[in-house]
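Step one of this worksheet: look at the structure below.
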Amino acid sequence: MVEYIGMKNLINAVKENVGLRTGKLLFGYEGNSFKELPWGALDDVVMGGVSQSTFQIDLTGGENGGPTGLFKGIVTTANNGGFASIRTKNFSEPEDLSAYDGLELRLKGDGRRYKLIVRTSSDWATVGYTSIFDTVEGWQSVRLPFSSLRPIFRARTVLDTSPFDPSQITSLQLMFSKFESDGKLNPTFKEGPFELPVSCIRAYLKDPITPRFVHVSSAGVTRPERPGIDLSKQPPAVRLNKELGFILTFKLKGEDEIRESGIPYTIVRPCALTEEPAGADLIFDQGDNITGKISREEVARICVAALKSPYACDKTFEVKSVIPFSEPYTVDPENPPPEKDYNEYFKTLKDGITGKESLEKTPISV
C-alpha cells in the first residue's frame, strides 16, 4: 500500500506539476494519437484589411508523408492591412505549463519570420505574450523559451502589465505579419500566398535535463528473487523479505513505476542507514550487489545534489561508505572532511542498470 500503490498515487498526483522528459503535447500528432485544438482565422479584416488565412489538417503533408496541421493563406497590405493569423478558442481550463521551460514547434519552414502569441487571460482583447521566430526551408524544431515572451498589445510593448504566468495559459495564436512591434517591420514579409505546416506544439524541458523526482529506495530490492544468491550473506531485509510482507518486492515495483513514468528521476538505493555524520568516502555502484552502511545525512546531501545534476538524471544506483560496519565513523570538528563534488560520482553512472538484469537471465541447466 505504501511502497507500490502509494508510489503510483504519488506519481499520478505530481506528474502534471514536475514535467515529463518528452514534454507535454498541446497540439498535433504523437505516434498514433492526435491532440486537437480549435483553431480559427483571425486576419487583418478586423482592421479593414483583406488578407485571408485558414487552418486545416493535411493527412499526407507531414514528415515522411504523415499528417500535419497547415496554417496557410494569402496576405496583402491592401486597405492598410498586412497580417494573417490563426488563434485557438480559449481552453476550457487554463493550461498549467509551469513545470516546463518553453514551447517547441515542429514545423516546415519557408524562410519567413512568424510570431507565436500566448495569452493568459480569457478576455478577447488582451495582452498577448509574444515571441518572434525565424524559419529556414524544410522541417525543423523551433524552441521558444517562456523567457523570450514579451507582453504585446496591438503591436506595442505593454510596460505596466503582469509577468507571463505559464500556469494560466488560455489560448495560442500563430501569425504572419508585416509588423513586428513598436514600429519595426518584418524583414521577411512579402505579399501573396504562404504555407506553414505545423505537425505539433509541445511544452519542453530545457537541456540539460535534471531530475525532477528523487526517490530514496533501498539496496537489495532485486535480491530476494535472484537465482543463485546466498541469502546467508545478505542483510536481514533480503533474508526476511517474505516475513516482512514482501517489502523489497514492492519497493522494486514502486521503482518501476518511477522509471516508467516519463518523469526525469534519480533512484538512490542506500545500504544500511546510520546516525553517523556525513563525510566518509563513498562507493557508488549499480546492479544491486553491494552491502554496507551509510550516513542518513550523507544520503540527504546526495539527494539534494542529484536535483541539480544532469549526470544523475534517469539513473538508479546503490551507495555506501568505505567504513566497515565494525568501525564507527566520527568527524573532528576542528578538522572536518572536505566537501564532496557528488557530480564526480554521478558521472560514473550508466543508463539502464537496475539489477533486474539478473532476474531476467534464464538459469543454465546442468
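Here, A, B, ... name the chains of the C-alpha cells in the order displayed, residue numbers run from 1 inside each chain, and ligands are numbered from 1 in the same displayed order.
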
Segment 94-101 of chain A: which residues within 7 Å, counting only C-alpha atoms, same-chain residues fewer than 3 positions away excluded, as a ChimeraX atom specification?
/A:17-19,91,145-146,166-170,203-206

Can you tell me, as a PyMOL selection string, which residues in segment 208-280 of chain A count as strand (DSSP E) by DSSP?
chain A and resi 213-216+265-270+272-274

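Coordinates place atom CA of Ala13 of chain A at a distance of 22.9 Å from atom CA of Thr249 of chain A.
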
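Nearest residue to Lys178 of chain A, choosing from A:Ser358, A:Gln286, A:Ser51, A:Ser122 and counting only C-alpha atoms: A:Ser51.
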
With only C-alpha atoms as the atoms that count, which of A:Glu339, A:Glu63, A:Glu344, A:Asp314 lies nearest to Leu20 of chain A?
A:Asp314

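Nearest-residue note for Glu104 of chain A: choosing from A:Leu172, A:Leu10, A:Cys200, A:Val118, the minimum distance belongs to A:Cys200, counting only C-alpha atoms.
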
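Candidate residues A:Gly82, A:Gly287, A:Pro224, A:Gly102 were compared for distance to Asn186 of chain A, and the nearest is A:Gly82, using only C-alpha atoms.
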